[in-house]
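What follows is the content of input.txt (compact mmCIF, C-alpha atoms).
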```
# COMPACT_ATOMS: atom_id res chain seq x y z
CA MET A 29 -43.05 40.41 -77.29
CA LYS A 30 -40.71 40.69 -80.22
CA PHE A 31 -37.79 41.22 -77.83
CA LEU A 32 -38.76 38.10 -75.84
CA GLU A 33 -39.11 36.09 -79.07
CA PHE A 34 -35.67 37.29 -80.16
CA LYS A 35 -34.15 36.27 -76.78
CA SER A 36 -35.81 32.87 -77.04
CA LYS A 37 -34.48 32.28 -80.55
CA PHE A 38 -31.03 33.55 -79.59
CA PHE A 39 -30.94 31.26 -76.55
CA SER A 40 -32.03 28.29 -78.71
CA MET A 41 -29.20 29.02 -81.15
CA ILE A 42 -26.65 29.08 -78.31
CA VAL A 43 -27.93 25.77 -76.95
CA ALA A 44 -27.79 24.21 -80.41
CA ALA A 45 -24.23 25.47 -80.91
CA CYS A 46 -23.15 24.05 -77.55
CA VAL A 47 -24.69 20.68 -78.38
CA PHE A 48 -22.93 20.69 -81.77
CA LEU A 49 -19.53 21.56 -80.25
CA SER A 50 -19.97 18.97 -77.52
CA THR A 51 -20.81 16.34 -80.12
CA MET A 52 -17.79 17.29 -82.23
CA SER A 53 -15.53 17.19 -79.16
CA PHE A 54 -16.78 13.71 -78.28
CA ALA A 55 -16.27 12.53 -81.84
CA THR A 56 -12.76 13.98 -81.89
CA GLN A 57 -11.87 12.23 -78.64
CA THR A 58 -13.20 8.96 -80.01
CA LEU A 59 -11.22 9.28 -83.23
CA ALA A 60 -8.11 10.31 -81.31
CA SER A 61 -7.73 6.86 -79.81
CA ASP A 62 -8.78 4.38 -82.46
CA TYR A 63 -5.50 2.81 -83.67
CA TRP A 64 -5.37 0.05 -81.08
CA GLU A 65 -9.11 -0.46 -81.49
CA GLY A 66 -8.40 -1.16 -85.16
CA VAL A 67 -5.74 -3.69 -84.14
CA LYS A 68 -8.26 -5.36 -81.83
CA GLN A 69 -10.80 -5.60 -84.64
CA ARG A 70 -8.16 -7.07 -86.94
CA GLY A 71 -7.26 -9.59 -84.25
CA GLU A 72 -3.51 -9.38 -84.70
CA LEU A 73 -0.61 -7.07 -83.83
CA ARG A 74 1.96 -6.97 -86.65
CA CYS A 75 5.54 -6.53 -85.50
CA ALA A 76 8.49 -6.09 -87.85
CA ALA A 77 11.37 -8.54 -87.38
CA ALA A 78 14.73 -7.29 -88.64
CA ILE A 79 17.23 -9.65 -87.02
CA ALA A 80 19.76 -8.10 -84.63
CA ALA A 81 20.59 -10.17 -81.56
CA PRO A 82 19.88 -9.85 -78.68
CA TYR A 83 17.11 -7.37 -79.55
CA VAL A 84 15.46 -9.34 -82.37
CA MET A 85 16.22 -13.05 -82.87
CA LYS A 86 14.96 -16.23 -84.49
CA ASN A 87 15.50 -19.75 -83.17
CA PRO A 88 17.40 -21.56 -85.96
CA LYS A 89 15.96 -24.93 -84.90
CA THR A 90 12.27 -24.07 -84.54
CA GLY A 91 11.89 -20.80 -86.46
CA GLU A 92 10.40 -19.23 -83.31
CA TYR A 93 10.93 -15.50 -82.90
CA GLY A 94 12.40 -14.10 -79.72
CA GLY A 95 14.68 -11.38 -78.47
CA ALA A 96 14.29 -8.70 -75.83
CA TYR A 97 12.20 -6.40 -78.02
CA LEU A 98 10.11 -9.05 -79.77
CA ASP A 99 9.08 -10.34 -76.35
CA LEU A 100 7.68 -6.86 -75.71
CA CYS A 101 5.62 -7.21 -78.90
CA LYS A 102 4.22 -10.51 -77.58
CA GLU A 103 3.37 -9.00 -74.21
CA PHE A 104 1.67 -5.93 -75.69
CA ALA A 105 -0.40 -8.21 -77.94
CA ASP A 106 -1.58 -9.92 -74.73
CA VAL A 107 -2.59 -6.51 -73.34
CA LEU A 108 -4.72 -5.91 -76.45
CA GLY A 109 -6.08 -9.46 -76.41
CA VAL A 110 -4.84 -10.29 -79.93
CA LYS A 111 -2.24 -12.61 -81.42
CA VAL A 112 1.16 -11.31 -82.47
CA VAL A 113 2.37 -11.73 -86.06
CA PHE A 114 6.05 -11.21 -86.87
CA VAL A 115 6.88 -9.97 -90.36
CA ASP A 116 10.37 -10.61 -91.75
CA THR A 117 12.15 -7.52 -93.00
CA THR A 118 15.56 -5.87 -93.19
CA TRP A 119 16.89 -2.79 -91.44
CA ASP A 120 16.95 -0.73 -94.61
CA ASN A 121 13.22 -1.43 -95.14
CA ILE A 122 11.88 -1.27 -91.60
CA VAL A 123 10.90 2.44 -91.63
CA ALA A 124 9.39 2.26 -95.13
CA GLY A 125 7.31 -0.75 -94.10
CA LEU A 126 5.95 1.16 -91.12
CA GLN A 127 5.07 4.11 -93.37
CA SER A 128 3.22 1.86 -95.82
CA GLY A 129 1.23 0.07 -93.10
CA LYS A 130 2.91 -3.35 -93.34
CA TRP A 131 3.33 -3.52 -89.56
CA ASP A 132 2.18 -1.71 -86.43
CA LEU A 133 5.43 -1.77 -84.45
CA ALA A 134 9.05 -1.46 -85.57
CA PRO A 135 11.11 -2.68 -82.59
CA ALA A 136 14.67 -1.81 -81.56
CA LEU A 137 14.94 1.39 -83.59
CA ASN A 138 17.44 4.04 -82.56
CA LEU A 139 15.62 7.32 -82.00
CA THR A 140 17.02 9.88 -84.43
CA PRO A 141 15.68 13.27 -85.58
CA GLN A 142 15.69 12.11 -89.21
CA ARG A 143 13.53 9.08 -88.44
CA ALA A 144 11.28 11.17 -86.20
CA LEU A 145 10.46 13.35 -89.21
CA ALA A 146 9.08 10.28 -90.98
CA ILE A 147 7.50 8.21 -88.18
CA SER A 148 6.42 8.45 -84.55
CA PHE A 149 8.37 6.91 -81.68
CA SER A 150 7.68 5.34 -78.32
CA GLY A 151 9.67 6.32 -75.28
CA PRO A 152 13.06 4.65 -74.73
CA ALA A 153 13.31 0.97 -73.81
CA GLY A 154 17.11 1.17 -73.60
CA TYR A 155 20.16 3.03 -74.85
CA ASP A 156 22.75 2.31 -77.51
CA ALA A 157 26.35 3.19 -78.20
CA MET A 158 28.56 1.87 -81.00
CA THR A 159 31.55 -0.43 -81.01
CA PHE A 160 33.81 -1.97 -83.64
CA LEU A 161 35.08 -5.52 -84.08
CA TYR A 162 38.09 -6.75 -86.04
CA ARG A 163 40.08 -9.96 -86.31
CA THR A 164 42.70 -10.16 -83.61
CA ASP A 165 45.27 -11.56 -86.05
CA SER A 166 44.67 -8.88 -88.71
CA GLU A 167 47.99 -7.31 -89.69
CA LYS A 168 46.11 -4.85 -91.90
CA VAL A 169 44.13 -3.43 -88.98
CA GLY A 170 46.99 -3.75 -86.52
CA HIS A 171 46.36 -1.77 -83.34
CA PRO A 172 43.77 0.88 -84.27
CA THR A 173 43.49 4.06 -82.27
CA PRO A 174 40.21 4.88 -80.47
CA ASP A 175 39.83 8.05 -82.56
CA LEU A 176 39.47 5.73 -85.62
CA LYS A 177 41.97 7.75 -87.69
CA THR A 178 44.12 4.69 -88.42
CA LEU A 179 41.03 2.95 -89.88
CA ASP A 180 39.94 5.79 -92.14
CA VAL A 181 42.46 5.07 -94.89
CA PRO A 182 42.12 3.95 -98.53
CA GLY A 183 41.72 0.20 -98.88
CA MET A 184 40.24 -0.33 -95.40
CA ARG A 185 36.81 -2.00 -95.53
CA ILE A 186 34.34 -1.01 -92.79
CA GLY A 187 31.28 -3.26 -92.57
CA VAL A 188 27.87 -2.23 -91.22
CA VAL A 189 24.29 -3.48 -91.38
CA ALA A 190 22.48 -1.54 -94.10
CA GLY A 191 19.92 1.00 -92.97
CA THR A 192 20.94 1.06 -89.30
CA ALA A 193 22.01 3.96 -87.12
CA GLN A 194 25.50 2.43 -87.31
CA ASP A 195 25.37 2.65 -91.10
CA LYS A 196 24.66 6.37 -90.93
CA ALA A 197 27.34 7.02 -88.29
CA VAL A 198 30.02 5.15 -90.24
CA THR A 199 29.06 6.84 -93.50
CA GLN A 200 29.41 10.26 -91.87
CA ARG A 201 32.66 9.46 -90.04
CA PHE A 202 34.69 7.57 -92.66
CA LYS A 203 35.73 9.53 -95.75
CA SER A 204 38.62 7.46 -97.13
CA ALA A 205 37.77 3.88 -96.08
CA GLN A 206 35.26 1.78 -98.06
CA VAL A 207 31.89 1.19 -96.40
CA VAL A 208 30.50 -2.32 -97.02
CA ARG A 209 26.81 -2.82 -96.20
CA LEU A 210 25.44 -6.22 -95.15
CA PRO A 211 21.88 -7.40 -94.34
CA GLN A 212 22.22 -8.36 -90.65
CA LEU A 213 24.62 -8.65 -87.72
CA ALA A 214 25.22 -12.38 -88.21
CA SER A 215 26.40 -11.81 -91.78
CA LEU A 216 28.54 -8.89 -90.61
CA GLN A 217 30.26 -11.11 -88.06
CA LEU A 218 30.90 -13.77 -90.69
CA ALA A 219 32.26 -11.13 -93.07
CA ILE A 220 34.86 -10.09 -90.49
CA LEU A 221 35.90 -13.67 -89.75
CA SER A 222 36.13 -14.55 -93.44
CA GLY A 223 38.08 -11.42 -94.34
CA GLN A 224 35.34 -9.92 -96.52
CA VAL A 225 35.57 -6.77 -94.38
CA ASP A 226 38.38 -5.61 -92.12
CA VAL A 227 36.33 -3.97 -89.35
CA GLY A 228 32.64 -4.14 -88.42
CA GLY A 229 30.51 -1.45 -86.76
CA PHE A 230 28.05 -2.93 -84.23
CA PRO A 231 25.48 -1.71 -81.72
CA TYR A 232 27.27 -1.94 -78.39
CA ASP A 233 25.41 -4.91 -76.85
CA GLY A 234 25.47 -6.87 -80.09
CA GLY A 235 29.18 -6.22 -80.53
CA VAL A 236 30.09 -7.30 -77.00
CA LEU A 237 28.12 -10.53 -77.37
CA ALA A 238 29.58 -11.24 -80.82
CA GLN A 239 33.10 -10.81 -79.42
CA LYS A 240 32.36 -13.16 -76.51
CA THR A 241 31.08 -15.87 -78.84
CA GLN A 242 34.39 -15.82 -80.74
CA GLY A 243 36.78 -15.82 -77.81
CA ASP A 244 40.21 -14.59 -78.88
CA HIS A 245 39.35 -14.40 -82.60
CA LEU A 246 37.77 -10.93 -82.46
CA THR A 247 38.89 -7.78 -80.69
CA LEU A 248 36.60 -4.98 -79.52
CA LEU A 249 37.32 -1.30 -80.13
CA ASN A 250 35.23 1.38 -78.43
CA PRO A 251 35.64 4.71 -80.25
CA LYS A 252 36.57 7.87 -78.39
CA PRO A 253 34.84 10.21 -78.82
CA ALA A 254 31.71 8.08 -79.18
CA LEU A 255 29.96 7.97 -82.56
CA ILE A 256 26.54 7.09 -81.17
CA LYS A 257 24.75 7.71 -77.86
CA GLN A 258 21.08 7.17 -78.66
CA ALA A 259 17.89 5.86 -77.11
CA ILE A 260 16.34 2.69 -78.51
CA GLY A 261 12.59 2.28 -78.71
CA PHE A 262 9.75 1.32 -81.03
CA GLY A 263 8.84 2.99 -84.28
CA LEU A 264 5.11 3.75 -84.54
CA PRO A 265 2.94 4.92 -87.45
CA ARG A 266 3.22 8.66 -88.00
CA SER A 267 -0.57 8.95 -88.08
CA MET A 268 -0.93 7.50 -84.57
CA GLU A 269 -2.56 9.96 -82.19
CA PRO A 270 -0.87 10.99 -78.91
CA ARG A 271 -3.41 9.10 -76.82
CA ASP A 272 -2.59 5.81 -78.55
CA ILE A 273 1.14 6.47 -78.21
CA ALA A 274 0.53 7.08 -74.50
CA VAL A 275 -1.13 3.65 -74.19
CA PHE A 276 1.99 1.94 -75.52
CA ASN A 277 4.33 4.13 -73.47
CA ILE A 278 2.50 3.30 -70.24
CA PHE A 279 2.99 -0.39 -71.03
CA LEU A 280 6.66 0.11 -71.97
CA GLU A 281 7.58 2.32 -69.01
CA GLU A 282 6.44 -0.33 -66.54
CA LYS A 283 8.44 -3.08 -68.30
CA VAL A 284 11.56 -0.90 -68.16
CA ALA A 285 10.98 0.17 -64.54
CA LEU A 286 10.53 -3.44 -63.39
CA GLY A 287 13.83 -4.41 -65.01
CA GLU A 288 12.15 -6.87 -67.37
CA VAL A 289 13.82 -5.44 -70.48
CA ASP A 290 17.29 -5.67 -68.92
CA ASP A 291 16.58 -9.22 -67.74
CA SER A 292 15.46 -10.17 -71.23
CA MET A 293 18.62 -8.69 -72.76
CA ILE A 294 20.72 -10.79 -70.39
CA HIS A 295 18.70 -13.94 -71.16
CA TYR A 296 19.04 -13.64 -74.92
CA GLY A 297 22.69 -12.72 -74.53
CA LYS A 298 23.21 -16.02 -72.75
CA ILE A 299 21.43 -17.81 -75.60
CA MET A 300 23.90 -16.22 -78.04
CA LEU A 301 26.76 -17.47 -75.89
CA GLY A 302 25.29 -20.97 -75.68
CA LYS A 303 24.74 -20.66 -71.94
CA ALA A 304 20.92 -20.75 -71.95
CA ASP A 305 18.10 -22.39 -73.89
CA TRP A 306 15.26 -20.71 -75.73
```
In structure tokens, write the structure found in this file.
Amino acid sequence: MKFLEFKSKFFSMIVAACVFLSTMSFATQTLASDYWEGVKQRGELRCAAAIAAPYVMKNPKTGEYGGAYLDLCKEFADVLGVKVVFVDTTWDNIVAGLQSGKWDLAPALNLTPQRALAISFSGPAGYDAMTFLYRTDSEKVGHPTPDLKTLDVPGMRIGVVAGTAQDKAVTQRFKSAQVVRLPQLASLQLAILSGQVDVGGFPYDGGVLAQKTQGDHLTLLNPKPALIKQAIGFGLPRSMEPRDIAVFNIFLEEKVALGEVDDSMIHYGKIMLGKADW
């Protein structure tokens, strides 16, 4: 009898342990996918807006936000059934704002190992290289060589947008020239035209479009070897669980596969060139 009682108690303990582990597993699975549920409860998806056309833009007439990557924010908000809220920021604050919980998505970020140590990332929505712009009539710049050696001299002023992947690449590459940091691509373009800087480092698409808007006033220089060949995606909170990241990636992968991101880049490029309306 004692042996049967012992077996009965032992079996009851095993059943209780299994129930406990099953309950814990269910709870873990529930907690593992609660970020977007929190966004749903809040009723709004907060998306950082650091201006860099054609990725992130703002209509100067209406104040409406647009751009290839902000449109993705709007569309993902529709998936969640919430409204989108764009939060003004700068490129040198966009990662810190994500870390402190000021926004849920940081669009159009170059994927770098250094950033990946601080935040999580979505999959790629596109790819970025780097190009340089300078005034065509600049005697100081002259005819720079693609290896950039003729630009890395004392007294040469190389402009970049502060906090960007281009900022880091220029800082690492140029040892003798002066690096001048500006808040956004529009101000960088104006700085070149006004003579505040001699050369500007741009993301490839932004640089090509900026050159086209100025006709013969600006010349494009593509460095060889390249300084940047990086994927562009969305920064996500570091605390976000893999299952929630997968939700966003499934959404993003379809948009890329359907060609919608490329189409959007072309559309906003035409807006920059004055060939399309918002």
Item to check | Surrounding residues of Thr117 (chain A) excluding itself and chain neighbours under 3 positions, 9 Å, all atoms listed in the file, as a ChimeraX atom specification | outcome: /A:76-79,120-122,125
Next on the checklist: Just checking: using only C-alpha atoms, which residue out of A:Tyr232, A:Trp64, A:Phe114, A:Phe279 ends up closest to Lys86 (chain A)?
Outcome noted: A:Phe114
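Comparing the minimum interatomic distances between Ala105 (chain A) and each of A:Lys68, A:Lys298, A:Lys177, A:Lys130, counting only C-alpha atoms, we find that A:Lys68 sits nearest.
When only C-alpha atoms are used to compute distances to Leu248 (chain A), the closest of the residues A:Gly223, A:Gly109, A:Pro172, A:Gly187 turns out to be A:Pro172.
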Next on the checklist: What does the structure give for the distance between CA of Lys89 (chain A) and CA of Thr192 (chain A), in Å to one decimal?
Outcome noted: 26.8 Å
Next on the checklist: Please list as a PyMOL selection string every residue within 8 Å of region 202-204 of chain A, counting all atoms listed in the file and excluding residues in the same chain fewer than 2 positions away.
Outcome noted: chain A and resi 180-182+198-200+206-207
Checklist outcome for this item: Taken to one decimal, the CA of Gly95 (chain A)-CA of Trp306 (chain A) distance is 9.7 Å
Item to check | Non-local contacts of region 234-246 of chain A (8 Å; only C-alpha atoms; under 4 positions in same chain excluded) as an MDAnalysis selection string | outcome: chainID A and resid 80:82 159:165 213 217 221 229:230 297 300:301
Give me a file of those residues, with C-alpha atoms, as a PDB file, in the frame of the given file.
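Result file follows (again.pdb):
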```
ATOM      1  CA  ALA A  80      19.760  -8.100 -84.630  1.00  0.00           C
ATOM      2  CA  ALA A  81      20.590 -10.170 -81.560  1.00  0.00           C
ATOM      3  CA  PRO A  82      19.880  -9.850 -78.680  1.00  0.00           C
ATOM      4  CA  THR A 159      31.550  -0.430 -81.010  1.00  0.00           C
ATOM      5  CA  PHE A 160      33.810  -1.970 -83.640  1.00  0.00           C
ATOM      6  CA  LEU A 161      35.080  -5.520 -84.080  1.00  0.00           C
ATOM      7  CA  TYR A 162      38.090  -6.750 -86.040  1.00  0.00           C
ATOM      8  CA  ARG A 163      40.080  -9.960 -86.310  1.00  0.00           C
ATOM      9  CA  THR A 164      42.700 -10.160 -83.610  1.00  0.00           C
ATOM     10  CA  ASP A 165      45.270 -11.560 -86.050  1.00  0.00           C
ATOM     11  CA  LEU A 213      24.620  -8.650 -87.720  1.00  0.00           C
ATOM     12  CA  GLN A 217      30.260 -11.110 -88.060  1.00  0.00           C
ATOM     13  CA  LEU A 221      35.900 -13.670 -89.750  1.00  0.00           C
ATOM     14  CA  GLY A 229      30.510  -1.450 -86.760  1.00  0.00           C
ATOM     15  CA  PHE A 230      28.050  -2.930 -84.230  1.00  0.00           C
ATOM     16  CA  GLY A 297      22.690 -12.720 -74.530  1.00  0.00           C
ATOM     17  CA  MET A 300      23.900 -16.220 -78.040  1.00  0.00           C
ATOM     18  CA  LEU A 301      26.760 -17.470 -75.890  1.00  0.00           C
TER      19      LEU A 301
END
```
Item to check | CA of His295 (chain A) to CA of Ala157 (chain A), straight-line distance in Å | outcome: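 Going from CA of Ala157 (chain A) over to CA of His295 (chain A) covers 20.0 Å.
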